[in-house]
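Next comes entry-v2.cif, a file with mmCIF, C-alpha atoms.
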```cif
data_structure
loop_
_atom_site.group_PDB
_atom_site.id
_atom_site.type_symbol
_atom_site.label_atom_id
_atom_site.label_comp_id
_atom_site.auth_asym_id
_atom_site.auth_seq_id
_atom_site.Cartn_x
_atom_site.Cartn_y
_atom_site.Cartn_z
ATOM 1 C CA MET A 1 -20.806 14.186 -3.466
ATOM 2 C CA ALA A 2 -18.859 10.931 -3.032
ATOM 3 C CA GLU A 3 -17.289 9.367 -6.071
ATOM 4 C CA HIS A 4 -18.046 5.794 -7.010
ATOM 5 C CA ASP A 5 -16.057 3.640 -9.391
ATOM 6 C CA PRO A 6 -17.704 0.239 -9.868
ATOM 7 C CA ASN A 7 -15.119 -0.820 -12.432
ATOM 8 C CA ALA A 8 -12.301 -0.291 -9.944
ATOM 9 C CA LEU A 9 -14.101 -2.328 -7.306
ATOM 10 C CA ALA A 10 -14.566 -5.191 -9.719
ATOM 11 C CA LEU A 11 -10.820 -5.366 -10.325
ATOM 12 C CA PHE A 12 -10.249 -6.614 -6.792
ATOM 13 C CA ASP A 13 -13.394 -8.463 -5.807
ATOM 14 C CA ALA A 14 -16.352 -9.236 -8.000
ATOM 15 C CA ASP A 15 -18.623 -10.206 -5.099
ATOM 16 C CA LEU A 16 -19.759 -6.870 -3.680
ATOM 17 C CA LEU A 17 -21.415 -6.698 -0.313
ATOM 18 C CA ALA A 18 -24.779 -5.044 0.073
ATOM 19 C CA SER A 19 -24.411 -1.252 0.191
ATOM 20 C CA ARG A 20 -24.514 0.425 3.582
ATOM 21 C CA THR A 21 -26.255 3.776 3.407
ATOM 22 C CA GLY A 22 -26.523 6.142 6.341
ATOM 23 C CA GLY A 23 -25.224 5.679 9.872
ATOM 24 C CA PHE A 24 -21.823 4.731 11.222
ATOM 25 C CA MET A 25 -19.233 3.920 8.556
ATOM 26 C CA ASP A 26 -21.377 4.725 5.535
ATOM 27 C CA LEU A 27 -18.464 4.831 3.095
ATOM 28 C CA THR A 28 -20.306 6.981 0.592
ATOM 29 C CA ASP A 29 -19.716 9.726 3.173
ATOM 30 C CA PRO A 30 -16.257 11.216 2.391
ATOM 31 C CA ASP A 31 -15.337 11.556 6.084
ATOM 32 C CA TYR A 32 -16.110 7.907 6.854
ATOM 33 C CA SER A 33 -14.368 6.768 3.678
ATOM 34 C CA TYR A 34 -11.235 8.684 4.740
ATOM 35 C CA MET A 35 -11.526 7.373 8.289
ATOM 36 C CA PHE A 36 -11.823 3.767 7.106
ATOM 37 C CA GLY A 37 -8.769 4.076 4.837
ATOM 38 C CA PHE A 38 -6.747 5.527 7.716
ATOM 39 C CA ILE A 39 -7.886 2.845 10.171
ATOM 40 C CA GLN A 40 -7.259 0.059 7.662
ATOM 41 C CA ALA A 41 -3.672 1.222 7.219
ATOM 42 C CA ASP A 42 -2.767 2.354 10.745
ATOM 43 C CA GLY A 43 -5.297 0.759 13.102
ATOM 44 C CA HIS A 44 -5.285 -2.563 14.922
ATOM 45 C CA LEU A 45 -8.392 -4.660 15.592
ATOM 46 C CA ALA A 46 -7.846 -7.136 18.443
ATOM 47 C CA ALA A 47 -10.240 -9.897 19.491
ATOM 48 C CA GLY A 48 -10.593 -10.794 23.162
ATOM 49 C CA THR A 49 -12.372 -13.596 24.980
ATOM 50 C CA GLY A 50 -16.141 -13.648 24.599
ATOM 51 C CA ARG A 51 -17.448 -10.319 23.401
ATOM 52 C CA LYS A 52 -14.306 -8.468 24.382
ATOM 53 C CA GLY A 53 -11.953 -6.805 21.941
ATOM 54 C CA ARG A 54 -10.892 -3.353 20.809
ATOM 55 C CA LEU A 55 -9.824 -1.166 17.969
ATOM 56 C CA THR A 56 -6.775 1.010 18.624
ATOM 57 C CA VAL A 57 -5.063 3.685 16.555
ATOM 58 C CA GLU A 58 -1.804 5.028 17.995
ATOM 59 C CA LEU A 59 -0.163 8.129 16.499
ATOM 60 C CA ASN A 60 2.458 10.676 17.382
ATOM 61 C CA VAL A 61 0.815 13.194 19.698
ATOM 62 C CA ARG A 62 1.276 15.895 17.057
ATOM 63 C CA ASP A 63 -1.552 14.186 15.114
ATOM 64 C CA ILE A 64 -3.966 13.874 18.032
ATOM 65 C CA ALA A 65 -6.429 16.200 16.259
ATOM 66 C CA ILE A 66 -7.323 13.506 13.719
ATOM 67 C CA LEU A 67 -8.075 11.043 16.530
ATOM 68 C CA ARG A 68 -10.466 13.585 18.013
ATOM 69 C CA GLU A 69 -12.162 13.818 14.613
ATOM 70 C CA PHE A 70 -12.577 10.021 14.581
ATOM 71 C CA GLN A 71 -14.020 10.163 18.080
ATOM 72 C CA GLN A 72 -16.552 12.761 16.962
ATOM 73 C CA LEU A 73 -17.553 10.624 13.966
ATOM 74 C CA THR A 74 -18.109 7.543 16.132
ATOM 75 C CA PRO A 75 -21.477 7.227 17.910
ATOM 76 C CA TYR A 76 -20.030 4.805 20.491
ATOM 77 C CA ASN A 77 -18.029 5.382 23.653
ATOM 78 C CA SER A 78 -14.311 5.672 22.972
ATOM 79 C CA SER A 79 -11.279 7.202 24.643
ATOM 80 C CA ILE A 80 -8.051 9.000 23.741
ATOM 81 C CA LYS A 81 -5.070 8.619 26.055
ATOM 82 C CA GLU A 82 -1.501 9.924 25.844
ATOM 83 C CA ARG A 83 1.694 8.250 26.966
ATOM 84 C CA VAL A 84 5.446 8.762 26.823
ATOM 85 C CA ARG A 85 7.713 5.752 26.342
ATOM 86 C CA ALA A 86 11.098 4.705 24.988
ATOM 87 C CA THR A 87 11.216 3.245 21.470
ATOM 88 C CA ASN A 88 13.928 2.143 19.040
ATOM 89 C CA PHE A 89 13.904 5.672 17.617
ATOM 90 C CA SER A 90 13.451 7.876 20.662
ATOM 91 C CA THR A 91 13.947 7.734 24.414
ATOM 92 C CA ARG A 92 10.791 9.847 24.897
ATOM 93 C CA HIS A 93 8.194 9.048 22.262
ATOM 94 C CA HIS A 94 5.000 10.951 23.055
ATOM 95 C CA SER A 95 1.999 9.238 21.480
ATOM 96 C CA ALA A 96 -1.798 9.374 21.587
ATOM 97 C CA THR A 97 -4.027 6.292 21.308
ATOM 98 C CA TRP A 98 -7.703 6.192 20.369
ATOM 99 C CA THR A 99 -9.480 3.092 21.705
ATOM 100 C CA LEU A 100 -12.914 1.821 20.670
ATOM 101 C CA CYS A 101 -14.327 -1.296 22.365
ATOM 102 C CA SER A 102 -17.921 -1.509 21.100
ATOM 103 C CA LEU A 103 -18.664 -4.955 19.640
ATOM 104 C CA GLU A 104 -21.228 -3.450 17.269
ATOM 105 C CA ALA A 105 -18.711 -0.933 15.903
ATOM 106 C CA ARG A 106 -15.998 -3.585 15.599
ATOM 107 C CA THR A 107 -18.364 -5.885 13.717
ATOM 108 C CA VAL A 108 -19.160 -3.148 11.201
ATOM 109 C CA LEU A 109 -15.467 -2.405 10.632
ATOM 110 C CA ASN A 110 -14.597 -6.087 10.307
ATOM 111 C CA GLU A 111 -17.365 -6.700 7.758
ATOM 112 C CA LEU A 112 -16.152 -3.729 5.715
ATOM 113 C CA GLY A 113 -12.668 -5.220 5.433
ATOM 114 C CA LEU A 114 -10.648 -4.544 8.593
ATOM 115 C CA PRO A 115 -9.345 -7.971 9.723
ATOM 116 C CA TYR A 116 -8.623 -8.946 13.300
ATOM 117 C CA GLY A 117 -4.918 -9.311 14.097
ATOM 118 C CA ARG A 118 -2.156 -8.958 11.510
ATOM 119 C CA LYS A 119 -3.516 -7.339 8.373
ATOM 120 C CA SER A 120 -0.833 -5.506 6.405
ATOM 121 C CA ARG A 121 -0.893 -7.868 3.395
ATOM 122 C CA SER A 122 -4.584 -8.801 3.447
ATOM 123 C CA ILE A 123 -6.339 -5.407 3.448
ATOM 124 C CA LYS A 124 -7.938 -4.254 0.221
ATOM 125 C CA PRO A 125 -10.316 -1.528 -0.987
ATOM 126 C CA PRO A 126 -13.851 -1.824 0.403
ATOM 127 C CA ARG A 127 -16.387 -4.121 -1.229
ATOM 128 C CA VAL A 128 -19.206 -1.606 -0.842
ATOM 129 C CA ASP A 129 -19.796 1.771 -2.473
ATOM 130 C CA PHE A 130 -17.163 4.209 -1.222
ATOM 131 C CA SER A 131 -15.480 7.519 -2.031
ATOM 132 C CA PRO A 132 -12.178 6.546 -3.712
ATOM 133 C CA ARG A 133 -10.155 9.729 -3.317
ATOM 134 C CA ASP A 134 -11.130 10.085 0.335
ATOM 135 C CA TYR A 135 -10.328 6.431 1.053
ATOM 136 C CA LEU A 136 -6.930 6.736 -0.629
ATOM 137 C CA ARG A 137 -6.191 10.013 1.180
ATOM 138 C CA GLY A 138 -6.789 8.162 4.451
ATOM 139 C CA VAL A 139 -4.387 5.403 3.419
ATOM 140 C CA ILE A 140 -1.765 7.969 2.373
ATOM 141 C CA ASP A 141 -2.165 9.990 5.578
ATOM 142 C CA ALA A 142 -1.545 6.798 7.560
ATOM 143 C CA ASP A 143 1.159 5.072 5.501
ATOM 144 C CA GLY A 144 2.307 7.612 2.916
ATOM 145 C CA SER A 145 4.092 10.906 2.511
ATOM 146 C CA VAL A 146 3.595 14.130 0.585
ATOM 147 C CA GLY A 147 5.895 17.113 0.270
ATOM 148 C CA ARG A 148 9.137 18.133 -1.431
ATOM 149 C CA THR A 149 12.367 16.225 -1.928
ATOM 150 C CA GLY A 150 15.715 17.597 -0.788
ATOM 151 C CA GLN A 151 16.023 19.176 -4.234
ATOM 152 C CA GLY A 152 12.663 20.888 -3.854
ATOM 153 C CA PHE A 153 10.719 18.613 -6.220
ATOM 154 C CA PRO A 154 7.115 17.630 -5.302
ATOM 155 C CA PHE A 155 6.430 14.010 -4.392
ATOM 156 C CA LEU A 156 3.589 11.810 -3.153
ATOM 157 C CA SER A 157 4.306 8.273 -2.018
ATOM 158 C CA LEU A 158 2.754 5.253 -0.352
ATOM 159 C CA THR A 159 4.441 2.342 1.415
ATOM 160 C CA THR A 160 2.174 -0.676 1.750
ATOM 161 C CA ALA A 161 2.425 -4.448 2.064
ATOM 162 C CA SER A 162 -1.006 -4.916 0.463
ATOM 163 C CA THR A 163 -1.001 -5.823 -3.223
ATOM 164 C CA ALA A 164 -4.658 -4.807 -3.591
ATOM 165 C CA VAL A 165 -4.200 -1.353 -2.033
ATOM 166 C CA GLY A 166 -1.002 -0.677 -3.984
ATOM 167 C CA ALA A 167 -2.579 -1.758 -7.261
ATOM 168 C CA TYR A 168 -5.682 0.307 -6.583
ATOM 169 C CA LEU A 169 -3.638 3.471 -5.998
ATOM 170 C CA CYS A 170 -1.798 2.886 -9.297
ATOM 171 C CA PHE A 171 -5.068 2.237 -11.113
ATOM 172 C CA TYR A 172 -6.753 5.327 -9.669
ATOM 173 C CA ALA A 173 -3.742 7.615 -10.113
ATOM 174 C CA LYS A 174 -3.484 6.660 -13.796
ATOM 175 C CA LYS A 175 -7.081 7.763 -14.299
ATOM 176 C CA VAL A 176 -6.363 11.102 -12.605
ATOM 177 C CA THR A 177 -2.930 11.925 -14.044
ATOM 178 C CA GLY A 178 -2.336 9.507 -16.938
ATOM 179 C CA THR A 179 0.879 8.399 -15.200
ATOM 180 C CA ARG A 180 1.426 4.643 -15.207
ATOM 181 C CA ARG A 181 3.077 2.834 -12.311
ATOM 182 C CA SER A 182 3.732 -0.886 -11.913
ATOM 183 C CA ILE A 183 4.323 -2.324 -8.465
ATOM 184 C CA ALA A 184 6.871 -4.814 -7.182
ATOM 185 C CA ARG A 185 7.848 -5.731 -3.647
ATOM 186 C CA ASN A 186 11.288 -4.509 -2.660
ATOM 187 C CA SER A 187 13.808 -7.192 -1.775
ATOM 188 C CA ARG A 188 14.703 -5.761 1.643
ATOM 189 C CA ASP A 189 11.391 -5.919 3.504
ATOM 190 C CA GLY A 190 8.853 -7.150 0.958
ATOM 191 C CA VAL A 191 6.701 -4.015 0.736
ATOM 192 C CA TYR A 192 5.649 -1.825 -2.169
ATOM 193 C CA ASN A 193 7.078 1.683 -2.420
ATOM 194 C CA ILE A 194 4.926 3.657 -4.865
ATOM 195 C CA LEU A 195 6.210 7.116 -5.793
ATOM 196 C CA TYR A 196 4.862 9.995 -7.880
ATOM 197 C CA THR A 197 6.910 13.124 -8.523
ATOM 198 C CA MET A 198 6.806 16.477 -10.317
ATOM 199 C CA GLU A 199 3.534 17.371 -12.092
ATOM 200 C CA ALA A 200 1.937 13.995 -11.350
ATOM 201 C CA ALA A 201 2.565 14.461 -7.620
ATOM 202 C CA VAL A 202 1.078 17.977 -7.630
ATOM 203 C CA GLU A 203 -1.986 16.850 -9.577
ATOM 204 C CA LEU A 204 -2.585 13.866 -7.320
ATOM 205 C CA ALA A 205 -1.988 15.831 -4.122
ATOM 206 C CA GLU A 206 -4.438 18.542 -5.140
ATOM 207 C CA HIS A 207 -6.986 15.893 -6.137
ATOM 208 C CA PHE A 208 -6.735 13.991 -2.855
ATOM 209 C CA TYR A 209 -6.367 16.986 -0.510
ATOM 210 C CA TYR A 210 -9.172 19.218 -1.726
ATOM 211 C CA PRO A 211 -10.348 22.263 0.303
ATOM 212 C CA GLY A 212 -12.350 21.361 3.398
ATOM 213 C CA CYS A 213 -11.519 17.645 3.353
ATOM 214 C CA LEU A 214 -10.733 15.656 6.481
ATOM 215 C CA ALA A 215 -6.960 15.161 6.603
ATOM 216 C CA LEU A 216 -3.872 15.464 8.778
ATOM 217 C CA PRO A 217 -3.305 19.236 9.057
ATOM 218 C CA ARG A 218 0.450 18.957 8.494
ATOM 219 C CA LYS A 219 -0.028 17.050 5.226
ATOM 220 C CA GLN A 220 -2.757 19.415 4.087
ATOM 221 C CA ALA A 221 -0.303 22.280 4.676
ATOM 222 C CA CYS A 222 2.363 20.484 2.603
ATOM 223 C CA VAL A 223 -0.064 20.112 -0.285
ATOM 224 C CA SER A 224 -0.935 23.818 -0.144
ATOM 225 C CA SER A 225 2.752 24.639 -0.569
ATOM 226 C CA LEU A 226 3.005 22.405 -3.675
ATOM 227 C CA SER A 227 0.367 24.291 -5.639
ATOM 228 C CA ALA A 228 2.771 27.105 -6.525
ATOM 229 C CA TRP A 229 5.485 24.739 -7.794
ATOM 230 C CA GLN A 230 6.605 25.122 -11.409
ATOM 231 C CA ARG A 231 9.105 23.009 -13.275
ATOM 232 C CA PRO A 232 12.488 24.829 -13.329
ATOM 233 C CA PRO A 233 13.572 26.156 -16.753
ATOM 234 C CA GLY A 234 15.733 23.654 -18.569
ATOM 235 C CA LEU A 235 14.428 20.653 -16.606
ATOM 236 C CA LYS A 236 12.760 18.568 -19.285
ATOM 237 C CA PRO A 237 9.961 16.117 -18.464
ATOM 238 C CA ARG A 238 11.066 12.522 -18.386
ATOM 239 C CA ALA A 239 10.368 10.763 -21.657
ATOM 240 C CA LYS A 240 7.616 8.159 -21.580
ATOM 241 C CA ASN A 241 8.764 4.549 -21.556
ATOM 242 C CA ARG A 242 9.040 2.992 -24.993
ATOM 243 C CA ARG A 243 8.616 -0.730 -25.318
ATOM 244 C CA TRP A 244 11.367 -2.489 -27.225
ATOM 245 C CA LYS A 245 10.212 -3.914 -30.536
ATOM 246 C CA PRO A 246 11.708 -7.035 -32.174
ATOM 247 C CA TRP A 247 13.197 -5.031 -35.060
ATOM 248 C CA GLU A 248 14.954 -2.760 -32.535
ATOM 249 C CA ASP A 249 16.423 -5.800 -30.772
ATOM 250 C CA GLU A 250 17.638 -7.092 -34.131
ATOM 251 C CA ILE A 251 19.435 -3.824 -34.890
ATOM 252 C CA LEU A 252 20.902 -3.684 -31.371
ATOM 253 C CA LEU A 253 22.284 -7.220 -31.616
ATOM 254 C CA ARG A 254 23.554 -6.669 -35.152
ATOM 255 C CA LEU A 255 25.420 -3.499 -34.209
ATOM 256 C CA GLY A 256 26.595 -4.874 -30.875
ATOM 257 C CA ASP A 257 27.450 -1.413 -29.597
ATOM 258 C CA ALA A 258 25.149 0.616 -27.319
ATOM 259 C CA ALA A 259 26.414 4.044 -28.375
ATOM 260 C CA THR A 260 26.065 3.310 -32.099
ATOM 261 C CA ALA A 261 22.638 1.745 -31.626
ATOM 262 C CA ALA A 262 21.467 4.739 -29.573
ATOM 263 C CA VAL A 263 21.929 7.012 -32.594
ATOM 264 C CA GLU A 264 20.300 4.530 -34.950
ATOM 265 C CA LEU A 265 17.287 3.876 -32.683
ATOM 266 C CA ASP A 266 16.890 7.367 -31.220
ATOM 267 C CA ARG A 267 17.323 6.015 -27.675
ATOM 268 C CA THR A 268 19.719 6.772 -24.855
ATOM 269 C CA THR A 269 23.039 4.953 -24.656
ATOM 270 C CA ALA A 270 22.152 3.762 -21.143
ATOM 271 C CA SER A 271 18.881 2.262 -22.368
ATOM 272 C CA CYS A 272 20.621 0.454 -25.226
ATOM 273 C CA SER A 273 23.387 -0.773 -22.939
ATOM 274 C CA VAL A 274 20.947 -2.315 -20.458
ATOM 275 C CA ARG A 275 18.836 -3.867 -23.222
ATOM 276 C CA LEU A 276 21.914 -5.340 -24.934
ATOM 277 C CA TRP A 277 23.082 -6.880 -21.662
ATOM 278 C CA ARG A 278 19.637 -8.392 -21.042
ATOM 279 C CA LEU A 279 19.502 -9.852 -24.544
ATOM 280 C CA LYS A 280 22.994 -11.371 -24.298
ATOM 281 C CA SER A 281 22.437 -12.717 -20.782
ATOM 282 C CA GLY A 282 19.130 -14.327 -21.737
ATOM 283 C CA GLN A 283 17.028 -12.218 -19.347
ATOM 284 C CA VAL A 284 14.858 -11.303 -22.326
ATOM 285 C CA SER A 285 14.320 -13.434 -25.399
ATOM 286 C CA ALA A 286 16.234 -12.525 -28.516
ATOM 287 C CA PRO A 287 14.106 -11.911 -31.623
ATOM 288 C CA SER A 288 13.433 -15.013 -33.702
ATOM 289 C CA ALA A 289 15.450 -15.349 -36.877
ATOM 290 C CA PRO A 290 13.359 -14.709 -40.007
ATOM 291 C CA ALA A 291 12.262 -17.835 -41.877
ATOM 292 C CA PRO A 292 14.376 -18.562 -44.990
ATOM 293 C CA THR A 293 12.742 -17.570 -48.233
ATOM 294 C CA SER A 294 12.136 -20.165 -50.956
ATOM 295 C CA PRO A 295 14.299 -19.869 -54.093
#
```

Please rewrite the model in this file as structure tokens.
Amino acid sequence: MAEHDPNALALFDADLLASRTGGFMDLTDPDYSYMFGFIQADGHLAAGTGRKGRLTVELNVRDIAILREFQQLTPYNSSIKERVRATNFSTRHHSATWTLCSLEARTVLNELGLPYGRKSRSIKPPRVDFSPRDYLRGVIDADGSVGRTGQGFPFLSLTTASTAVGAYLCFYAKKVTGTRRSIARNSRDGVYNILYTMEAAVELAEHFYYPGCLALPRKQACVSSLSAWQRPPGLKPRAKNRRWKPWEDEILLRLGDAATAAVELDRTTASCSVRLWRLKSGQVSAPSAPAPTSP
């Protein structure tokens, strides 16, 4: 049965649309919820003159199976065509494109939150009842990655330009794993790179890619390989972030030495060194001096 999280929806838009139940793009259906997340992230809705226009999703031909699934889920005429062309990354890029022209279908998708034209920053979770983990799996299949790092550690990541989608993944993942993530655009290209590793990545991957779900086969296979992962002996979990308290800042400034303060405060030398630099450079406010006591 589809999951529904009204509190999560309210975080991003308080004005919910009327629920759509049954029929094309009923987002309480896990397959449609996945499909919408994928299309939102990797599809393009173009408007033409009059009633003309089209939705296109172009993928590497290795993923053509998911386009055929979308075609089967869509009760309107659509087509899948292959082509080979030169790109910046390959002289022979073999791709497959699913095209849907129906005005009725495009209207439904647009009303659910798929804008016409450029959309990377403006998309956000649906404003109707939907299945969160299936929606997010669709977004991750389109714009994310899952697997193992070069060192063999599990990871799950998402690259998105949408603040709402990035924040929703962080919100939802915290409920599932307890792992907190804050998002910030990177300075190079202005997108969010959200990363989960180790146990959190395994837990999230298994939650999103459950048995029998609609997903890219290659990513489903990666998730299956993560299930057997165990933390290597001697590799300790990363300590949870501790917020700096005013009395700790006072001790750090009084001692003036990161290594000495690390022993006193039971923190790492690196943490104390960075905090001391931020205090001295004014990047964070120094603790206020205590008020003088009356004689």

The PyMOL selection byres ((chain A and resi 272-284) around 7) - which residues does that actually catch in the file I just gave you? List them as a list of chain:residue names.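 Selected by the PyMOL selection byres ((chain A and resi 272-284) around 7) in this file: A:Leu252, A:Leu253, A:Ala258, A:Ala261, A:Ala262, A:Arg267, A:Thr268, A:Thr269, A:Ala270, A:Ser271, A:Ser285, A:Ala286.
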
For a test of reading the model, state the distance in Å between CA of Asp63 in chain A and CA of Gln220 in chain A, rounded to one decimal.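 Separation between CA of Asp63 in chain A and CA of Gln220 in chain A: 12.3 Å.
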
Evaluate the PyMOL selection byres ((chain A and resi 97) around 8) and record the selected residues as a compact mmCIF listing (two decimals) with C-alpha atoms, keeping the file's coordinate frame, following the chain and residue labels used in the document.
```txt
# COMPACT_ATOMS: atom_id res chain seq x y z
CA THR A 56 -6.78 1.01 18.62
CA VAL A 57 -5.06 3.68 16.56
CA GLU A 58 -1.80 5.03 18.00
CA LEU A 59 -0.16 8.13 16.50
CA LEU A 67 -8.07 11.04 16.53
CA ILE A 80 -8.05 9.00 23.74
CA LYS A 81 -5.07 8.62 26.06
CA GLU A 82 -1.50 9.92 25.84
CA SER A 95 2.00 9.24 21.48
CA ALA A 96 -1.80 9.37 21.59
CA TRP A 98 -7.70 6.19 20.37
CA THR A 99 -9.48 3.09 21.70
```

For Ala142 in chain A, which of A:Lys124, A:Arg106, A:Arg254, A:Lys219 is the closest residue, counting only C-alpha atoms? A:Lys219

Within 9 Å of (5.1, 5.1, -12.4), all atoms listed in the file: residues as number ranges by chain? A: 170, 174, 179-183, 194-196

Report the distance between CA of Ala65 in chain A and CA of Gly37 in chain A in Å, rounded to one decimal place. 16.8 Å

Pull out every residue that the PyMOL selection byres ((chain A and resi 218) around 12) matches in the shown coordinates and put them as a PyMOL selection string. chain A and resi 62-66+141+145-147+209+214-217+219-225

Near Ala46 in chain A, within 7 Å and counting all atoms listed in the file, which residues show up once chain neighbours fewer than 5 positions away are dropped, as a list in words?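 Contacts, with the query itself left out: Gly53, Arg54, Leu55, Tyr116 and Gly117 of chain A.
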
Residue with smallest distance to Val139 in chain A - pool A:Gly178, A:Pro232, A:Pro154, A:Gly43, counting all atoms listed in the file: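 Using all atoms listed in the file, Val139 in chain A sits closest to A:Gly43.
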
Please determine, counting only C-alpha atoms, which residue among A:Gly166, A:His44, A:Thr91, A:Ser157 has the shortest atom-to-atom distance to Leu109 in chain A.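 Smallest distance to Leu109 in chain A is found for A:His44.
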
Between CA of Ser187 in chain A and CA of Tyr172 in chain A, what is the distance in Å, rounded to a tenth? 25.3 Å

Could you tell me which of A:Asp189, A:Asp42, A:Asp31, A:Asp26 comes closest to Pro126 in chain A if we count all atoms listed in the file?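 Of the candidates, the smallest distance to Pro126 in chain A is held by A:Asp26.
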
Selection near Leu204 in chain A, 8 Å with all atoms listed in the file, sequence-local residues under 4 positions removed, as JSON, numbers by chain: {"A": [156, 173, 176, 177, 200, 208]}

Which of these residues is nearest to Ser78 in chain A, using all atoms listed in the file: A:Ala228, A:Thr160, A:Leu27, A:Leu103?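 Among the listed residues, A:Leu103 lies closest to Ser78 in chain A.
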